[in-house]
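What follows is one structure encoded as structure tokens, with my remarks underneath.
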Amino acid sequence: MAGRIRDEDIAAVRERVRIDEVVSGYVTLRNAGGGSMKGLCPFHDEKSPSFHVTPSRGFFHCFGCQEGGDVFTFLMKIDGLSFGEAVERMADKYGVQLRRDESGFDDRPRGPQRRRLVEAHAVAQQFYAEQLATPDALQARQFLAERGFDQAAAEHFGVGFAPRDGEALWRHLKGRGFTAEEGIAAGLVAMGRSHYDKFRGRLLWPIRETNGDTIGFGARRIFEDDRIEAKYLNTGETAIYKKSHVLYGIDLARKQIAMTSQAVIVEGYTDVMACHLAGVTTAVATCGTAFGDDHARVLRRFLDDHAELRSEVVFTFDGDEAGQKAALRTFEGDQRFVAQTYVAVAPEGMDPCELRIKEGDAAVRELVATRRPLYRFVLENVVGRYDLDRADSRVDALRAGARLVASVRDKSKVDAFARELAAMVGVDMDQARSEVRRAAARGSEPDRGRSRDRAASSAPPEPAPRSRVPDLRDPRFGIERETLKLVLQHPIAIGRTSADIGSNDFTHPTYRAVWELIAAAGGPVAGQNDAGWVSRVRDGATDPAVSSVVSALAVEPIPANREINADYVAHHLFRLQELTALRRIDEVKSRLQRTNPVENETEFNRMFGELAALEQARRTLREKIVGSGA
């Protein structure tokens with residue numbers, strides 16, 4: 001049985017891969033200077049970008065959540081791949097032929113591999129697209145034509161048709177070498193009395209990852225005699241498809257979202273098509289589920305949604321009661337974004353697809369251009385339920401609006417919303433603020449009561465123990481940090497000049513551990529022509545904290561206002577050695593002061609000579625520091 005992938009093939013993949021190209025499929029990256037790029041971390045929520053990628057070293061690191069590593073680590077973390085699957089994906093992408101040892105442990109996961117599931121979807125998508133041109137698909141083509149979509153539009157979005165024959169796709173997959181296990185795991189085939197297609201007699205839209213890989217389908221009912229009543233069916237949860245993590249159209253929209261810092265959220269597949277064809281190429285939609293936190297995380301990565309670069313998220317809703325309820329739910333989750341959120345409601349409750357049919361492409365663009373702030377739309381809907389010509393109804397409207405304003409999680413927005421509420425109801429600002437405060441107090445009373453009960457029944461908490469490990473950012477260790485950054489990021493410039501450096505030159509235990517990993521991996525010389533050297537350094541760590549620091553040092557910008565050459569490197573190495581010499585001098589002086597020169601004459605004279613030699617060595621290092629361009 002084939003074993004693990006050969007090390008030389010893994011190294012060949014590393015040499016070919018551009019980590020910034022891979023990460024850009026998931027995160028909008030911008031130049032951070034010093035050969036580094038940054039964006040919003042895909043692994044945790046954050047308000048400002050702390051996720052860095054250094055293409056020259058093939059490493060990423062988030063200074064917020066401390067996740068870091070090479071391109072394989074990134075894919076394993078973000079897509080749930082095994083190491084072998086991550087290597088195989090990059091080998092396929094960059095054209096590297098992989099070989100496996102004939103003996104030894106097989107590192108491939110049991111069951112169908114992710115790559116095979118993606119390949120099955122690619123075959124299925126092409127098959128369905130070809131079926132759209134058959135006589136049996138006439139009704140499907142008519143459905144598209146009635147909504148303004150021609151053959152070119154169908155091809156652009158990959159729309160297809162699932163034959164009514166319940167085994168057509170399964171026979172096609174089997175003919176292409178796919179097993180029943182793979183078809184079932186992909187969500188394309190099911191098993192009853194025999195194997196049959198999941199989608200039959202329906203119009204299909206391929207649901208794709210940001211990199212363009214098809215991972216699922218959305219299927220619309222078009223025949224009256226379809227035994228399944230649901231208008232839409234979507235691929236069920238599989239190893240590669242999680243409906244709460246995918247957005248239809250993100251593969252087509254992501255670049256424009258990054259360029260314009262705007263995303264438009266619509267409700268259906270045809271709405272996405274209508275928007276894109278009308279020129280609103282930032283439109284995406286959820287796949288049979290409400291817009292949630294995971295969807296917001298996907299969008300924020302491409303929006304580069306942070307305080308320094310404000311972006312926009314525009315939701316389209318129907319103007320009916322259901323649309324108003326959807327807007328209210330969205331408002332409750334508004335603080336998922338740093339971006340300003342807007343709502344666009346078409347006249348007569350039309351969705352973008354209907355609007356394009358009736359009024360043309362320009363009307364769709366106008367719909368987005370005339371967007372309104374979401375909070376104003378929701379407040380107007382809440383207040384609009386009351387007769388504001390009556391004093392008692394104005395009080396009721398103020399209280400209802402105040403409850404909404406008080407529920408906002410971002411308290412910095414409360415005052416602005418209260419001002420809007422006061423203007424809508426027709427009361428003064430102080431009255432609106434007072435009502436909002438009362439609403440907030442009423443909402444928190446149960447929590448405060450529980451807090452008092454807990455406080456009365458529990459002893460004061462013990463103070464958290466102080467960490468014995470010094471802060472890595474302490475200025476005392478600055479030269480140690482900068483030296484290690486140079487070693488990891490520019491081993492070719494370090495060369496053999498680090499031969500005089502040892503672990504005793506690093507006083508912080510974590511930095512000392514990093515240096516020991518470097519030495520164990522062959523030192524900077526070993527990293528001069530080896531793209532995987534930093535990964536080997538990091539993989540050698542048994543402590544997760546040390547592993548995280550390696551990835552951080554490999555991507556953190558070097559604050560250099562000059563070329564990083566031999567002189568620049570030497571300057572840092574000499575300073576590091578000078579600090580070691582100064583510490584040694586202090587130690588010897590302390591021992592001399594504690595030693596009686598009469599009773600321990602030999603030891604005293606030896607230490608005195610050692611002190612003189614250390615002072616001479618320090619002066620020599622100081623001259624070298626000055627000579628290296630301090």
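By order of appearance in the structure tokens: chains A, B, ..., then residues from 1 within every chain, and ligands from 1 in the order shown.
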*Can you tell me, as an MDAnalysis selection string, what residues are no more than 7 Å from Tyr241 (chain A) when counting only C-alpha atoms, ignoring any on the same chain fewer than 4 positions away?*
chainID A and resid 215:216 237
Now that the selection is made, can you save its residues with C-alpha atoms as a CSV table (one decimal), in the first residue's frame?
```
chain,number,residue,atom,x,y,z
A,215,ILE,CA,-18.7,22.2,-3.8
A,216,GLY,CA,-22.5,22.0,-4.0
A,237,GLU,CA,-23.8,19.2,4.7
```
*asked:* Quick one: residues within 7 Å of region 170-185 of chain A, only C-alpha atoms, excluding same-chain residues fewer than 3 positions away - as a count of residues only?
replied: 9
*Within 10 Å of Ala12 (chain A), counting only C-alpha atoms, which residues qualify if same-chain residues fewer than 2 places away don't, as a ChimeraX atom specification?*
/A:7-10,14-17,91,94,96-98,531-532
*Pick from A:Ala145, A:Ala613, A:Val425, A:Ile518 nearest to Arg394 (chain A), counting only C-alpha atoms*: A:Val425
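Summary of the local environment: counting only C-alpha atoms, residues at most 7 Å from Ile357 (chain A), other than itself and those fewer than 4 positions away along its chain, are Arg147, Gly148 and Cys353 of chain A.
Look at Glu556 (chain A): the protein and nucleic acid residues within 8 Å of it, using only C-alpha atoms and passing over chain neighbours fewer than 6 places away, are Ser36, His52 and Lys485 of chain A.
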Restricted to N, CA and C atoms, what would the selected residues look like written as a PDB file, in the first residue's frame?
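Final output, saved to selection_27.pdb:
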```pdb
ATOM      1  N   SER A  36       5.955  42.594   3.463  1.00  0.00           N
ATOM      2  CA  SER A  36       4.871  41.900   4.149  1.00  0.00           C
ATOM      3  C   SER A  36       3.529  42.415   3.637  1.00  0.00           C
ATOM      4  N   HIS A  52      -0.726  38.842   9.025  1.00  0.00           N
ATOM      5  CA  HIS A  52       0.380  39.189   8.136  1.00  0.00           C
ATOM      6  C   HIS A  52       0.829  37.972   7.321  1.00  0.00           C
ATOM      7  N   LYS A 485      14.355  37.768  13.876  1.00  0.00           N
ATOM      8  CA  LYS A 485      13.601  38.101  12.662  1.00  0.00           C
ATOM      9  C   LYS A 485      14.526  38.100  11.448  1.00  0.00           C
TER      10      LYS A 485
END
```
*Counting only C-alpha atoms, which of A:Ile265, A:Val284, A:Ala391, A:Val382 gets nearest to Tyr342 (chain A)?*
A:Ile265
*Find the residues near Leu573 (chain A): any atom within 10 Å, counting only C-alpha atoms, skip ones fewer than 6 places away on the same chain, and give them as a list in words.*
Ile479, Glu480, Glu482, Thr483, Leu484, Leu486, Ile494, Thr497, Ser498, Asp500, Ile501, Asp505, Asp567, Leu621 and Ile625 of chain A
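For the choices A:Val378, A:Val469, A:Leu144, A:Leu138, the atom-to-atom distance to Pro163 (chain A) is smallest for A:Leu138 when using only C-alpha atoms.
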Give me the residues near Gly68 (chain A) as an mmCIF file with C-alpha atoms, in the first residue's frame, where near means some atom within 7 Å (using only C-alpha atoms) and where sequence neighbours in that chain fewer than 4 positions away do not count.
```cif
data_model
loop_
_atom_site.group_PDB
_atom_site.id
_atom_site.type_symbol
_atom_site.label_atom_id
_atom_site.label_comp_id
_atom_site.auth_asym_id
_atom_site.auth_seq_id
_atom_site.Cartn_x
_atom_site.Cartn_y
_atom_site.Cartn_z
ATOM 1 C CA PHE A 60 1.652 33.787 7.728
ATOM 2 C CA HIS A 61 0.978 34.889 11.295
ATOM 3 C CA CYS A 62 -1.882 36.629 13.111
ATOM 4 C CA SER A 548 3.557 30.599 17.387
ATOM 5 C CA SER A 551 5.653 32.123 12.678
ATOM 6 C CA ALA A 552 5.305 35.626 14.119
#
```
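Shortest atom-to-atom contact with Gly212 (chain A) among A:Pro42, A:Gly360, A:Pro373, A:Gly158: A:Gly158, counting only C-alpha atoms.
One distance worth recording is that between CA of Phe74 (chain A) and CA of Trp515 (chain A), which is 23.9 Å.
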*Per DSSP on the backbone, what are the strand (DSSP E or B) residues of region 236-364 of chain A, as a PyMOL selection string?*
chain A and resi 248+262-266+283-285+306+309+312-316+340-344
Write to file, as a compact mmCIF listing (two decimals), in the first residue's frame, the residues of the selection just made, with N, CA and C atoms.
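Output file again.txt follows:
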```txt
# COMPACT_ATOMS: atom_id res chain seq x y z
N TYR A 248 -23.32 32.14 -2.39
CA TYR A 248 -23.41 31.97 -3.83
C TYR A 248 -22.92 33.24 -4.53
N GLN A 262 -17.28 47.16 -1.02
CA GLN A 262 -18.75 47.09 -0.92
C GLN A 262 -19.20 45.68 -1.27
N ALA A 263 -20.17 45.19 -0.50
CA ALA A 263 -20.80 43.90 -0.80
C ALA A 263 -22.31 44.09 -0.78
N VAL A 264 -22.98 43.46 -1.73
CA VAL A 264 -24.44 43.54 -1.82
C VAL A 264 -25.00 42.14 -1.53
N ILE A 265 -25.88 42.03 -0.53
CA ILE A 265 -26.45 40.75 -0.14
C ILE A 265 -27.87 40.66 -0.67
N VAL A 266 -28.12 39.71 -1.56
CA VAL A 266 -29.46 39.50 -2.11
C VAL A 266 -29.99 38.15 -1.63
N ALA A 283 -22.51 41.40 -5.84
CA ALA A 283 -23.67 40.74 -5.24
C ALA A 283 -23.40 39.28 -4.93
N VAL A 284 -23.86 38.83 -3.75
CA VAL A 284 -23.77 37.43 -3.33
C VAL A 284 -25.07 37.08 -2.60
N ALA A 285 -25.30 35.79 -2.38
CA ALA A 285 -26.50 35.34 -1.67
C ALA A 285 -26.17 34.14 -0.81
N HIS A 306 -12.33 47.07 8.40
CA HIS A 306 -11.76 47.52 9.67
C HIS A 306 -11.88 49.03 9.78
N LEU A 309 -10.35 51.50 7.21
CA LEU A 309 -10.85 51.45 5.83
C LEU A 309 -12.31 51.04 5.89
N GLU A 312 -18.84 49.08 3.00
CA GLU A 312 -20.29 49.08 2.99
C GLU A 312 -20.83 47.68 2.74
N VAL A 313 -21.91 47.35 3.45
CA VAL A 313 -22.65 46.13 3.19
C VAL A 313 -24.10 46.55 2.93
N VAL A 314 -24.60 46.19 1.76
CA VAL A 314 -25.95 46.59 1.36
C VAL A 314 -26.84 45.34 1.29
N PHE A 315 -27.89 45.32 2.09
CA PHE A 315 -28.85 44.22 2.08
C PHE A 315 -30.06 44.62 1.24
N THR A 316 -30.56 43.72 0.41
CA THR A 316 -31.79 43.98 -0.32
C THR A 316 -32.91 43.15 0.32
N GLN A 340 -20.41 50.21 7.46
CA GLN A 340 -21.75 50.78 7.55
C GLN A 340 -22.70 49.86 6.80
N THR A 341 -23.82 49.50 7.43
CA THR A 341 -24.78 48.62 6.78
C THR A 341 -25.94 49.43 6.23
N TYR A 342 -26.38 49.04 5.03
CA TYR A 342 -27.46 49.75 4.34
C TYR A 342 -28.53 48.76 3.93
N VAL A 343 -29.68 49.29 3.55
CA VAL A 343 -30.75 48.47 3.01
C VAL A 343 -31.24 49.12 1.72
N ALA A 344 -31.52 48.28 0.74
CA ALA A 344 -32.06 48.74 -0.54
C ALA A 344 -33.38 48.01 -0.78
```
*Among region 118-361 of chain A, which residues carry a DSSP assignment of alpha helix (DSSP H), reported as JSON, numbers by chain?*
{"A": [118, 119, 120, 121, 122, 123, 124, 125, 126, 127, 128, 129, 130, 131, 138, 139, 140, 141, 142, 143, 144, 145, 146, 151, 152, 153, 154, 155, 156, 157, 168, 169, 170, 171, 172, 173, 174, 175, 180, 181, 182, 183, 184, 185, 250, 251, 252, 253, 254, 255, 256, 257, 258, 259, 260, 269, 270, 271, 272, 273, 274, 275, 276, 277, 278, 293, 294, 295, 296, 297, 298, 299, 300, 301, 302, 303, 321, 322, 323, 324, 325, 326, 327, 328, 329, 330, 331, 332, 352, 353, 354, 355, 356, 357, 358, 359, 361]}
Write out the residues from the selection above, keeping C-alpha atoms, as a short mmCIF file (atom, residue, chain, number, x, y, z; two decimals), in the first residue's frame.
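File written: result15.cif
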```cif
data_model
loop_
_atom_site.label_atom_id
_atom_site.label_comp_id
_atom_site.auth_asym_id
_atom_site.auth_seq_id
_atom_site.Cartn_x
_atom_site.Cartn_y
_atom_site.Cartn_z
CA VAL A 118 -14.18 18.38 -5.57
CA GLU A 119 -13.35 16.51 -8.78
CA ALA A 120 -16.74 14.74 -8.67
CA HIS A 121 -18.47 18.13 -8.41
CA ALA A 122 -16.46 19.47 -11.34
CA VAL A 123 -17.55 16.50 -13.47
CA ALA A 124 -21.16 16.90 -12.29
CA GLN A 125 -21.22 20.62 -13.03
CA GLN A 126 -19.99 20.09 -16.58
CA PHE A 127 -22.50 17.26 -17.08
CA TYR A 128 -25.41 19.37 -15.82
CA ALA A 129 -24.34 22.35 -17.96
CA GLU A 130 -24.29 20.16 -21.07
CA GLN A 131 -27.74 18.77 -20.23
CA LEU A 138 -36.77 23.04 -22.64
CA GLN A 139 -38.78 24.06 -19.59
CA ALA A 140 -35.57 24.94 -17.73
CA ARG A 141 -34.41 27.16 -20.62
CA GLN A 142 -37.82 28.83 -20.72
CA PHE A 143 -37.58 29.54 -16.99
CA LEU A 144 -34.27 31.31 -17.57
CA ALA A 145 -35.49 33.19 -20.66
CA GLU A 146 -38.55 34.49 -18.82
CA GLN A 151 -27.35 31.09 -23.06
CA ALA A 152 -24.32 33.31 -22.44
CA ALA A 153 -25.61 34.15 -18.96
CA ALA A 154 -26.22 30.47 -18.21
CA GLU A 155 -22.67 29.62 -19.28
CA HIS A 156 -21.17 32.50 -17.26
CA PHE A 157 -22.83 31.30 -14.05
CA ALA A 168 -28.13 9.75 -15.30
CA LEU A 169 -25.48 11.52 -13.22
CA TRP A 170 -24.58 8.37 -11.28
CA ARG A 171 -23.94 6.47 -14.52
CA HIS A 172 -21.83 9.37 -15.80
CA LEU A 173 -19.76 9.53 -12.59
CA LYS A 174 -19.28 5.77 -12.58
CA GLY A 175 -18.09 5.96 -16.17
CA ALA A 180 -20.47 4.98 -5.06
CA GLU A 181 -18.77 5.90 -1.79
CA GLU A 182 -17.35 9.05 -3.39
CA GLY A 183 -20.66 10.02 -5.00
CA ILE A 184 -22.53 9.62 -1.73
CA ALA A 185 -19.88 11.47 0.30
CA ILE A 250 -18.52 34.85 -3.99
CA ASP A 251 -16.15 33.35 -6.57
CA LEU A 252 -17.29 35.95 -9.12
CA ALA A 253 -17.70 38.85 -6.68
CA ARG A 254 -14.70 38.62 -4.38
CA LYS A 255 -12.28 40.70 -6.44
CA GLN A 256 -14.78 43.51 -6.95
CA ILE A 257 -15.73 43.37 -3.26
CA ALA A 258 -12.06 43.88 -2.39
CA MET A 259 -11.62 46.69 -4.95
CA THR A 260 -14.78 48.64 -4.05
CA TYR A 269 -29.53 32.79 -7.17
CA THR A 270 -31.43 34.66 -9.90
CA ASP A 271 -31.00 37.92 -7.95
CA VAL A 272 -27.22 37.40 -7.98
CA MET A 273 -27.34 36.78 -11.73
CA ALA A 274 -29.49 39.87 -12.33
CA CYS A 275 -27.21 42.10 -10.27
CA HIS A 276 -24.01 40.93 -11.96
CA LEU A 277 -25.47 41.25 -15.45
CA ALA A 278 -26.72 44.75 -14.56
CA ASP A 293 -22.13 35.19 11.71
CA ASP A 294 -20.09 32.78 9.57
CA HIS A 295 -21.29 34.48 6.38
CA ALA A 296 -20.29 37.83 7.86
CA ARG A 297 -16.80 36.49 8.61
CA VAL A 298 -16.38 35.39 4.99
CA LEU A 299 -17.42 38.82 3.71
CA ARG A 300 -15.32 40.79 6.17
CA ARG A 301 -12.15 39.07 4.97
CA PHE A 302 -12.74 40.28 1.42
CA LEU A 303 -14.10 43.67 2.40
CA GLU A 321 -43.86 42.40 6.25
CA ALA A 322 -41.53 39.43 5.77
CA GLY A 323 -38.86 41.77 4.39
CA GLN A 324 -39.28 44.09 7.37
CA LYS A 325 -38.82 41.15 9.75
CA ALA A 326 -35.70 40.13 7.85
CA ALA A 327 -34.36 43.68 8.15
CA LEU A 328 -34.98 43.62 11.91
CA ARG A 329 -33.07 40.33 12.27
CA THR A 330 -30.23 41.79 10.25
CA PHE A 331 -30.20 44.92 12.40
CA GLU A 332 -29.84 42.78 15.52
CA PRO A 352 -33.46 42.57 -8.20
CA CYS A 353 -34.39 39.91 -10.77
CA GLU A 354 -37.95 41.22 -11.14
CA LEU A 355 -36.71 44.80 -11.20
CA ARG A 356 -34.32 44.03 -14.04
CA ILE A 357 -37.05 42.35 -16.07
CA LYS A 358 -39.52 45.22 -15.68
CA GLU A 359 -37.27 48.28 -15.64
CA ASP A 361 -30.25 47.11 -15.82
#
```
